[in-house]
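Asks: Contents of structure.csv (CSV, C-alpha atoms) are below:
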chain,number,residue,atom,x,y,z
A,1,MET,CA,117.8,94.9,86.2
A,2,ARG,CA,115.7,94.8,83.1
A,3,VAL,CA,113.5,97.8,83.7
A,4,ALA,CA,110.2,98.5,82.0
A,5,SER,CA,106.6,99.3,82.2
A,6,PRO,CA,103.5,100.1,80.3
A,7,ARG,CA,102.5,103.5,81.3
A,8,GLY,CA,100.8,106.8,80.6
A,9,PRO,CA,101.9,110.4,80.2
A,10,LYS,CA,104.9,111.7,82.1
A,11,ASN,CA,104.6,113.4,85.5
A,12,ASN,CA,101.5,111.4,86.2
A,13,VAL,CA,102.2,111.3,89.9
A,14,ARG,CA,99.0,109.8,91.3
A,15,VAL,CA,100.4,109.0,94.6
A,16,THR,CA,98.5,105.9,95.4
A,17,THR,CA,100.0,104.5,92.3
A,18,ALA,CA,102.2,107.1,91.1
A,19,ALA,CA,105.5,107.4,89.4
A,20,GLY,CA,106.6,104.3,88.0
A,21,MET,CA,109.3,102.0,87.4
A,22,ARG,CA,109.0,99.8,84.8
A,23,MET,CA,107.2,97.0,85.6
A,24,ILE,CA,108.0,94.6,83.3
A,25,PHE,CA,111.2,93.2,82.6
A,26,SER,CA,113.0,93.0,85.6
A,27,ASN,CA,112.9,96.1,86.5
A,28,ARG,CA,113.2,93.6,88.7
A,29,ARG,CA,110.8,95.1,90.2
A,30,GLY,CA,107.9,94.3,88.8
A,31,ILE,CA,107.2,91.1,87.9
A,32,LEU,CA,106.9,88.3,90.2
A,33,ALA,CA,103.9,86.3,90.3
A,34,GLY,CA,103.1,83.6,92.8
A,35,ALA,CA,102.8,80.0,92.0
A,36,ALA,CA,104.4,76.6,91.5
A,37,ALA,CA,106.7,75.7,94.3
A,38,LEU,CA,109.4,73.3,93.4
A,39,ALA,CA,111.9,71.6,95.7
A,40,ALA,CA,115.5,72.5,95.4
A,41,GLY,CA,117.9,70.3,93.6
A,42,SER,CA,118.7,67.2,95.5
A,43,VAL,CA,116.4,68.2,98.4
A,44,SER,CA,113.2,66.3,98.3
A,45,ALA,CA,109.8,67.9,98.3
A,46,GLY,CA,109.0,66.4,101.7
A,47,VAL,CA,112.2,67.7,103.2
A,48,LEU,CA,111.5,71.1,101.7
A,49,ALA,CA,108.0,71.2,103.0
A,50,LYS,CA,109.2,70.5,106.6
A,51,ALA,CA,111.9,73.1,106.2
A,52,ASN,CA,109.3,75.7,105.1
A,53,VAL,CA,107.1,75.0,108.1
A,54,LYS,CA,110.0,75.1,110.5
A,55,SER,CA,111.3,78.3,109.0
A,56,ALA,CA,108.1,80.3,108.7
A,57,LYS,CA,108.5,82.0,112.1
A,58,GLY,CA,112.2,82.5,111.7
A,59,ALA,CA,111.8,84.2,108.3
A,60,GLN,CA,109.3,86.7,109.6
A,61,GLY,CA,111.5,87.4,112.5
A,62,MET,CA,114.6,87.9,110.4
A,63,LEU,CA,115.8,91.2,109.1
A,64,ILE,CA,115.2,91.1,105.3
A,65,VAL,CA,116.9,93.6,103.0
A,66,ASN,CA,116.6,93.4,99.2
A,67,ALA,CA,119.8,95.0,97.9
A,68,LEU,CA,118.0,95.7,94.6
A,69,GLY,CA,114.4,95.1,94.0
A,70,GLY,CA,111.1,96.7,93.3
A,71,LEU,CA,108.4,98.2,95.5
A,72,GLU,CA,105.3,98.2,93.3
A,73,ASN,CA,102.2,96.4,92.1
A,74,PRO,CA,103.2,95.4,88.5
A,75,ASN,CA,99.6,94.6,87.6
A,76,LEU,CA,98.8,98.3,87.5
A,77,ALA,CA,101.2,98.9,84.7
A,78,LEU,CA,99.5,96.2,82.6
A,79,THR,CA,96.4,98.4,82.6
A,80,ARG,CA,98.1,101.2,80.7
A,81,LYS,CA,99.6,101.7,77.3
A,82,GLN,CA,103.1,100.4,77.1
A,83,SER,CA,105.9,102.9,76.5
A,84,ASP,CA,108.3,102.5,73.7
A,85,ASN,CA,111.1,103.4,76.2
A,86,PRO,CA,111.5,100.1,78.1
A,87,VAL,CA,113.2,101.9,81.0
A,88,ALA,CA,111.2,105.1,81.3
A,89,MET,CA,109.8,106.0,84.7
A,90,ASP,CA,106.4,107.6,84.5
A,91,ASN,CA,104.5,106.0,87.3
A,92,VAL,CA,105.4,104.7,90.8
A,93,ASP,CA,102.9,101.9,91.1
A,94,ILE,CA,102.6,101.7,94.9
A,95,ASP,CA,99.1,100.9,96.2
A,96,ASP,CA,97.7,99.3,99.3
A,97,ARG,CA,98.3,95.8,98.0
A,98,THR,CA,102.0,96.7,97.4
A,99,ILE,CA,102.4,97.6,101.1
A,100,SER,CA,100.3,94.7,102.4
A,101,ASP,CA,102.3,92.2,100.3
A,102,ALA,CA,105.7,93.7,101.3
A,103,ARG,CA,104.8,93.5,105.0
A,104,ALA,CA,103.4,89.9,104.6
A,105,SER,CA,106.7,88.8,103.0
A,106,GLY,CA,108.7,90.1,105.9
A,107,LEU,CA,110.6,92.7,103.8
A,108,ASN,CA,112.1,95.4,105.9
A,109,ALA,CA,114.0,97.5,103.3
A,110,VAL,CA,114.6,97.6,99.6
A,111,ASN,CA,116.9,99.5,97.2
A,112,VAL,CA,114.6,100.8,94.5
A,113,THR,CA,115.8,102.2,91.2
A,114,LEU,CA,115.1,105.8,90.3
A,115,GLY,CA,116.8,108.2,88.0
A,116,TYR,CA,117.8,108.0,84.4
A,117,VAL,CA,118.6,104.5,83.1
A,118,ALA,CA,118.5,104.9,79.3
A,119,GLY,CA,116.4,106.6,76.6
A,120,PRO,CA,116.0,110.0,74.9
A,121,GLU,CA,115.4,112.0,78.1
A,122,GLU,CA,118.1,114.4,79.3
A,123,PRO,CA,119.7,112.3,82.1
A,124,TYR,CA,120.2,114.9,84.8
A,125,GLU,CA,116.7,116.4,84.4
A,126,GLU,CA,115.1,113.0,84.2
A,127,THR,CA,116.8,112.0,87.4
A,128,ILE,CA,115.8,115.1,89.4
A,129,ARG,CA,112.2,114.5,88.2
A,130,THR,CA,112.1,110.9,89.3
A,131,ILE,CA,113.6,111.7,92.7
A,132,ALA,CA,110.8,114.3,93.2
A,133,MET,CA,108.2,111.6,92.2
A,134,TRP,CA,109.5,109.2,94.8
A,135,ASP,CA,109.6,112.0,97.4
A,136,ASP,CA,105.9,112.6,96.7
A,137,VAL,CA,105.1,108.9,97.2
A,138,LEU,CA,107.0,108.7,100.5
A,139,ARG,CA,105.3,111.9,101.8
A,140,SER,CA,101.9,110.4,100.9
A,141,ARG,CA,102.5,107.2,102.9
A,142,PRO,CA,104.3,108.3,106.1
A,143,ASN,CA,102.8,105.3,108.0
A,144,ASP,CA,104.0,102.8,105.5
A,145,LEU,CA,107.3,104.0,104.0
A,146,LEU,CA,110.6,105.4,105.4
A,147,ARG,CA,113.4,106.8,103.4
A,148,VAL,CA,116.7,105.1,104.4
A,149,GLU,CA,119.7,107.5,104.7
A,150,LYS,CA,121.7,105.7,107.5
A,151,ALA,CA,122.0,102.0,108.3
A,152,ALA,CA,120.1,102.6,111.5
A,153,ASP,CA,117.1,103.6,109.4
A,154,ILE,CA,116.7,100.0,108.2
A,155,LEU,CA,116.3,98.9,111.8
A,156,ARG,CA,114.0,101.9,112.5
A,157,ALA,CA,111.8,100.9,109.6
A,158,ARG,CA,111.6,97.4,110.9
A,159,ALA,CA,110.7,98.6,114.4
A,160,GLU,CA,108.0,100.9,113.1
A,161,ASN,CA,106.5,98.2,110.8
A,162,LYS,CA,107.4,100.3,107.8
A,163,ILE,CA,109.2,99.5,104.6
A,164,GLY,CA,112.6,101.2,104.3
A,165,VAL,CA,113.1,102.7,100.9
A,166,ILE,CA,116.7,103.1,99.7
A,167,TYR,CA,117.1,105.5,96.8
A,168,GLY,CA,119.4,104.0,94.1
A,169,PHE,CA,120.6,104.6,90.5
A,170,GLN,CA,121.3,101.9,87.9
A,171,ASN,CA,123.3,104.2,85.7
A,172,ALA,CA,125.6,107.2,86.5
A,173,ALA,CA,125.1,108.9,83.1
A,174,MET,CA,123.3,111.8,84.9
A,175,MET,CA,126.7,112.9,86.2
A,176,GLY,CA,127.4,114.4,82.7
A,177,ASN,CA,131.0,115.6,82.9
A,178,ASP,CA,130.7,116.9,86.5
A,179,ALA,CA,131.6,114.5,89.3
A,180,SER,CA,130.5,117.1,91.8
A,181,ARG,CA,127.0,116.2,91.0
A,182,VAL,CA,127.4,113.3,93.4
A,183,ALA,CA,127.1,115.8,96.2
A,184,THR,CA,123.7,117.0,94.8
A,185,PHE,CA,122.3,113.5,94.6
A,186,ALA,CA,123.6,112.5,98.0
A,187,GLY,CA,121.9,115.6,99.4
A,188,LEU,CA,118.7,114.5,97.8
A,189,GLY,CA,118.9,111.2,99.6
A,190,VAL,CA,120.4,108.9,97.0
A,191,ARG,CA,122.4,106.2,98.8
A,192,VAL,CA,123.4,103.8,96.0
A,193,ILE,CA,124.9,104.7,92.6
A,194,GLN,CA,125.6,102.0,90.0
A,195,LEU,CA,128.3,103.1,87.7
A,196,THR,CA,127.0,101.7,84.4
A,197,TYR,CA,124.1,100.0,82.9
A,198,ASN,CA,124.7,97.3,80.2
A,199,PRO,CA,126.2,99.7,77.5
A,200,ARG,CA,129.2,102.0,77.9
A,201,ASN,CA,128.8,105.4,79.5
A,202,GLN,CA,131.3,108.1,80.4
A,203,LEU,CA,132.4,106.3,83.5
A,204,GLY,CA,133.2,102.9,82.0
A,205,ASP,CA,132.1,99.9,80.0
A,206,GLY,CA,129.0,98.0,80.9
A,207,SER,CA,128.5,94.2,80.8
A,208,MET,CA,127.6,94.1,77.1
A,209,VAL,CA,130.6,96.1,75.8
A,210,PRO,CA,133.0,93.6,74.0
A,211,GLU,CA,136.0,95.8,74.4
A,212,ASN,CA,135.8,95.6,78.2
A,213,LYS,CA,138.0,98.7,78.6
A,214,GLY,CA,137.3,99.3,82.3
A,215,LEU,CA,136.9,102.5,84.3
A,216,THR,CA,137.7,105.8,82.7
A,217,ASP,CA,139.5,108.7,84.3
A,218,PHE,CA,136.1,110.4,84.8
A,219,GLY,CA,134.9,107.2,86.4
A,220,ARG,CA,137.7,107.3,88.9
A,221,GLU,CA,136.7,110.9,89.7
A,222,VAL,CA,133.1,109.8,90.4
A,223,VAL,CA,134.2,106.9,92.6
A,224,ALA,CA,136.3,109.3,94.6
A,225,GLN,CA,133.3,111.6,95.1
A,226,LEU,CA,131.0,108.7,96.0
A,227,ASN,CA,133.6,107.7,98.6
A,228,ALA,CA,133.7,111.3,99.9
A,229,HIS,CA,129.9,111.5,100.2
A,230,ARG,CA,129.4,108.0,101.6
A,231,VAL,CA,127.4,106.7,98.7
A,232,MET,CA,127.5,103.0,97.8
A,233,VAL,CA,129.5,102.3,94.7
A,234,ASP,CA,127.5,99.5,92.9
A,235,LEU,CA,129.1,97.5,90.1
A,236,SER,CA,126.1,95.5,89.0
A,237,HIS,CA,125.7,95.6,85.2
A,238,SER,CA,129.3,96.7,84.8
A,239,GLY,CA,132.0,95.1,82.5
A,240,GLN,CA,134.5,92.9,84.2
A,241,ASN,CA,137.4,95.4,84.0
A,242,THR,CA,135.2,98.3,85.1
A,243,CYS,CA,134.3,96.3,88.2
A,244,LEU,CA,137.9,95.3,89.0
A,245,ASP,CA,139.2,98.8,88.4
A,246,ALA,CA,136.5,100.3,90.7
A,247,ALA,CA,137.2,97.8,93.5
A,248,ARG,CA,140.9,98.7,93.3
A,249,VAL,CA,140.6,102.5,93.3
A,250,SER,CA,137.7,102.8,95.7
A,251,GLN,CA,138.8,103.9,99.2
A,252,ALA,CA,135.6,102.3,100.6
A,253,PRO,CA,134.2,98.8,100.1
A,254,ILE,CA,132.0,98.4,97.0
A,255,SER,CA,129.1,96.3,96.1
A,256,ILE,CA,127.5,94.2,93.3
A,257,ASN,CA,124.0,94.5,94.5
A,258,HIS,CA,122.3,92.2,92.0
A,259,THR,CA,124.2,89.5,90.0
A,260,GLY,CA,124.8,85.8,89.5
A,261,CYS,CA,128.0,83.7,89.4
A,262,ARG,CA,129.6,83.4,86.0
A,263,ALA,CA,131.4,80.2,87.1
A,264,LEU,CA,127.9,78.6,87.2
A,265,MET,CA,126.4,80.3,84.2
A,266,ASP,CA,128.7,82.1,81.7
A,267,LEU,CA,126.7,85.2,80.8
A,268,PRO,CA,127.9,88.8,80.8
A,269,ARG,CA,125.4,89.9,83.5
A,270,ASN,CA,127.0,87.4,85.9
A,271,LYS,CA,130.2,88.1,87.8
A,272,THR,CA,133.5,86.1,87.6
A,273,ASP,CA,135.1,84.6,90.7
A,274,GLU,CA,137.9,87.2,90.3
A,275,GLU,CA,135.4,90.0,90.6
A,276,LEU,CA,133.5,88.4,93.5
A,277,ARG,CA,136.7,87.6,95.4
A,278,LEU,CA,138.1,91.1,95.0
A,279,VAL,CA,134.9,92.8,96.1
A,280,ALA,CA,134.7,90.6,99.2
A,281,SER,CA,138.4,91.0,100.0
A,282,LYS,CA,137.7,94.7,100.4
A,283,GLY,CA,134.8,94.2,102.8
A,284,GLY,CA,132.1,94.6,100.1
A,285,PHE,CA,128.8,93.0,99.4
A,286,VAL,CA,127.4,90.7,96.7
A,287,GLY,CA,123.6,90.3,96.2
A,288,ILE,CA,122.3,87.3,94.2
A,289,TYR,CA,119.3,88.0,91.9
A,290,PHE,CA,116.3,85.9,91.0
A,291,MET,CA,116.8,86.3,87.2
A,292,PRO,CA,116.9,84.3,84.0
A,293,TYR,CA,120.7,84.6,83.8
A,294,LEU,CA,121.1,82.0,86.5
A,295,LYS,CA,120.4,79.1,84.2
A,296,ALA,CA,121.3,78.2,80.6
A,297,ASP,CA,117.7,77.8,79.4
A,298,GLY,CA,116.7,81.1,81.0
A,299,HIS,CA,114.1,79.4,83.2
A,300,PRO,CA,115.8,79.1,86.7
A,301,HIS,CA,114.1,77.7,89.7
A,302,ALA,CA,114.7,78.2,93.4
A,303,GLU,CA,117.4,75.5,93.4
A,304,ASP,CA,119.4,77.6,91.0
A,305,VAL,CA,119.2,80.6,93.3
A,306,VAL,CA,120.5,78.5,96.1
A,307,ALA,CA,123.3,77.2,93.9
A,308,HIS,CA,124.4,80.7,93.0
A,309,ILE,CA,124.2,81.8,96.7
A,310,ASP,CA,126.2,78.8,97.7
A,311,HIS,CA,128.9,79.4,95.1
A,312,ALA,CA,129.1,83.1,96.2
A,313,VAL,CA,129.5,82.1,99.8
A,314,ASN,CA,132.3,79.7,98.9
A,315,VAL,CA,134.1,82.4,97.0
A,316,CYS,CA,133.4,85.4,99.1
A,317,GLY,CA,132.7,84.0,102.6
A,318,GLU,CA,129.4,84.0,104.4
A,319,ASP,CA,129.8,87.6,105.6
A,320,CYS,CA,129.6,89.3,102.2
A,321,VAL,CA,126.7,87.6,100.4
A,322,GLY,CA,123.0,88.6,100.4
A,323,ILE,CA,120.0,88.9,98.0
A,324,GLY,CA,119.2,91.5,95.4
A,325,THR,CA,116.3,89.9,93.7
A,326,ASP,CA,115.7,92.4,90.9
A,327,GLY,CA,112.0,91.9,91.4
A,328,SER,CA,109.0,93.0,93.5
A,329,VAL,CA,107.1,91.1,96.1
A,330,THR,CA,103.6,91.5,94.5
A,331,PRO,CA,103.3,89.0,91.7
A,332,ILE,CA,101.7,89.4,88.3
A,333,ASP,CA,98.2,88.0,88.3
A,334,ASP,CA,97.7,87.4,84.6
A,335,LEU,CA,100.9,85.9,83.1
A,336,GLY,CA,99.1,85.5,79.7
A,337,LEU,CA,98.5,89.3,79.5
A,338,TYR,CA,102.0,89.9,80.8
A,339,GLN,CA,103.6,87.7,78.1
A,340,ALA,CA,102.6,90.1,75.3
A,341,ALA,CA,104.0,93.1,77.2
A,342,LEU,CA,107.2,91.1,77.9
A,343,ALA,CA,107.7,90.4,74.2
A,344,LYS,CA,107.5,94.1,73.4
A,345,GLU,CA,109.8,94.9,76.3
A,346,VAL,CA,112.5,92.5,75.1
A,347,ALA,CA,112.3,93.8,71.5
A,348,ASP,CA,112.4,97.4,72.7
A,349,ARG,CA,115.4,96.7,74.9
A,350,ALA,CA,117.3,95.1,72.0
A,351,LYS,CA,116.4,97.9,69.6
A,352,ALA,CA,117.6,100.5,72.2
A,353,GLY,CA,120.9,98.6,72.7
A,354,ILE,CA,120.4,98.1,76.4
A,355,GLY,CA,119.4,94.4,76.5
A,356,ALA,CA,121.7,91.6,77.8
A,357,THR,CA,122.6,88.2,76.5
A,358,GLY,CA,120.1,85.7,77.9
A,359,GLU,CA,117.0,88.0,77.6
A,360,ARG,CA,114.3,86.5,75.4
A,361,ALA,CA,110.6,86.9,75.0
A,362,ASP,CA,110.1,83.6,76.9
A,363,THR,CA,112.4,84.3,79.8
A,364,TYR,CA,110.6,85.8,82.8
A,365,PRO,CA,112.6,88.4,84.8
A,366,PHE,CA,111.9,86.4,87.9
A,367,VAL,CA,112.2,82.9,89.3
A,368,ILE,CA,109.0,81.0,88.8
A,369,ASP,CA,108.9,79.3,92.2
A,370,LEU,CA,110.4,82.2,94.2
A,371,ARG,CA,107.8,85.0,93.9
A,372,GLY,CA,105.0,86.5,95.8
A,373,VAL,CA,104.8,87.0,99.6
A,374,ASP,CA,106.4,83.6,100.5
A,375,GLN,CA,109.6,84.1,98.4
A,376,PHE,CA,111.9,85.0,101.3
A,377,ARG,CA,110.5,82.3,103.7
A,378,LYS,CA,110.9,79.7,101.0
A,379,LEU,CA,114.5,80.8,100.3
A,380,GLU,CA,115.2,80.5,104.0
A,381,GLY,CA,113.7,77.0,104.1
A,382,LEU,CA,115.8,75.9,101.1
A,383,LEU,CA,119.0,77.2,102.7
A,384,LYS,CA,118.1,75.4,105.9
A,385,ALA,CA,117.5,72.2,104.0
A,386,LYS,CA,120.9,72.6,102.4
A,387,GLY,CA,122.4,72.7,105.9
A,388,TYR,CA,123.0,76.4,106.4
A,389,SER,CA,122.9,77.5,110.0
A,390,GLU,CA,120.4,80.0,111.3
A,391,ALA,CA,123.1,82.6,111.8
A,392,ARG,CA,124.4,82.2,108.2
A,393,ILE,CA,120.9,82.5,106.8
A,394,GLU,CA,120.3,85.7,108.8
A,395,LYS,CA,123.4,87.2,107.3
A,396,ILE,CA,122.3,86.3,103.8
A,397,MET,CA,118.7,87.6,104.2
A,398,GLY,CA,119.7,91.0,105.5
A,399,ARG,CA,122.4,91.2,108.1
A,400,ASN,CA,125.3,91.3,105.6
A,401,PHE,CA,123.7,94.2,103.8
A,402,LEU,CA,123.2,96.0,107.1
A,403,ARG,CA,126.9,95.5,107.9
A,404,PHE,CA,128.0,96.9,104.6
A,405,ALA,CA,125.5,99.8,104.8
A,406,THR,CA,126.9,100.7,108.3
A,407,ALA,CA,130.4,100.8,106.8
A,408,ILE,CA,129.4,103.1,104.0
A,409,TRP,CA,126.6,105.3,105.4
A,410,GLY,CA,127.3,105.2,109.1
Represent the structure from my file as structure tokens, please.
Replies:
Amino acid sequence: MRVASPRGPKNNVRVTTAAGMRMIFSNRRGILAGAAALAAGSVSAGVLAKANVKSAKGAQGMLIVNALGGLENPNLALTRKQSDNPVAMDNVDIDDRTISDARASGLNAVNVTLGYVAGPEEPYEETIRTIAMWDDVLRSRPNDLLRVEKAADILRARAENKIGVIYGFQNAAMMGNDASRVATFAGLGVRVIQLTYNPRNQLGDGSMVPENKGLTDFGREVVAQLNAHRVMVDLSHSGQNTCLDAARVSQAPISINHTGCRALMDLPRNKTDEELRLVASKGGFVGIYFMPYLKADGHPHAEDVVAHIDHAVNVCGEDCVGIGTDGSVTPIDDLGLYQAALAKEVADRAKAGIGATGERADTYPFVIDLRGVDQFRKLEGLLKAKGYSEARIEKIMGRNFLRFATAIWG
């Protein structure tokens, strides 16, 4: 996730559009915009069009779980002054359009990022503050949003026509030197904790640390506590050895909720076959993102997402692969206006030492032809056109995450 967003003063919890996660760079979340649909790879446009028509009903009927994404209207952040901290969270930009678009897309649940990611804020205090902000948002929209604490809550959200909100962290720096804090966060409803962001923290090396030292002794303590409190151990953004170490020491299956395949695109944010295979062998989960790291030029299309999903299925098996788009459903309306904000975002991330190889001012943190309310239906159509069965597609769109969540959360 590249997280960011133009925003105003802290604690600006305006609950129609309140506490915010970064809109811009990936905060995955933010930035999708809806347009140009291209056919995938060798699949002709005509075949794709037919596949989309045939799959429209199926996609809406499928369980769709985004293992890491956003739930916001990124256009709201573009109306505010942009923060110098590219991963600060001062507003949660959920409005009626956000909910309408999410429902129209067929989305049933999404793992959203809250808590400290990077910056000058004290990590523990910042994390508690952002959890409270999201709690306020959920309380303000009881007919639209449902906090997910057990796997069954994903199905309940679907049955009640709500969006299930999974609380997740993309950095465990807020643990300080006290692994018992896991219990506090689990008690506050956090269900996914990613061990590192791109740099090193006290648990281990992130994806951008050349030394690639792996999990620390404290990291092992935290993994043990996450297992004890039934919280997902997420190794997205981690260094290779940190991921491998965590998979080996964890007593429960682990996940890589948003990544690509390094065998197809050799960038630090993508995972090696060794990592993918080990996570899958332990019963874990791998989510493929819709991010620039999927392609050498930084401008992937839907066909590249399909290629990375297909590679992951070949390595991990069809029962362990899903989607973690790293983006929102609601698209950006004015890409010209967004471009200036994106350039500042990329520069600020580089200055703060939290950027990743492959990020540039011209690389959108989304896939140009997989955005907006049709993104999931289109992906389903592409997978059908590739020859995937309905049952396999259902697993990828949400059933595999539900299986994994059941193993961890009960």
Asks: Skipping near chain neighbours, those fewer than 5 positions away, what residues fall within 6 Å of Val192 (chain A) using all atoms listed in the file, listed as a ChimeraX atom specification?
Replies: /A:168,231-232
Asks: Please return, as a VMD selection string, all polymer residues that have at least one atom within 12 Å of the point (130.6, 93.9, 76.4); use all atoms listed in the file and the file's own coordinate frame.
Replies: chain A and resid 196 to 200 204 to 214 237 to 242 267 to 269 353 to 357
Asks: Hey, could you make a per-residue contact list for region 62-150 of chain A against region 285-294 of chain A with 9 Å as the cut-off, showing the nearest pair of atoms and its distance in Å to one decimal, counting all atoms listed in the file, sorted by chain and number, as a Markdown table?
Replies:
| residue | atom | partner | partner_atom | distance |
| --- | --- | --- | --- | --- |
| A:Asn66 | CA | A:Gly287 | CA | 8.2 |
| A:Ala67 | CA | A:Gly287 | CA | 6.3 |
| A:Leu68 | CA | A:Gly287 | CA | 7.9 |
| A:Gly69 | CA | A:Tyr289 | CA | 8.9 |
Asks: What is the distance between CA of Val165 (chain A) and CA of Arg147 (chain A), in Å to one decimal?
Replies: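 Going from CA of Val165 (chain A) over to CA of Arg147 (chain A), I get 4.8 Å.
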Asks: Skip Phe218 (chain A) itself and residues of its chain fewer than 6 positions away, then list as a list in words all residues within 8 Å of it, counting all atoms listed in the file.
Replies: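 Listing them by chain and then by number gives Asn177, Ala179, Gln202 and Leu203 of chain A.
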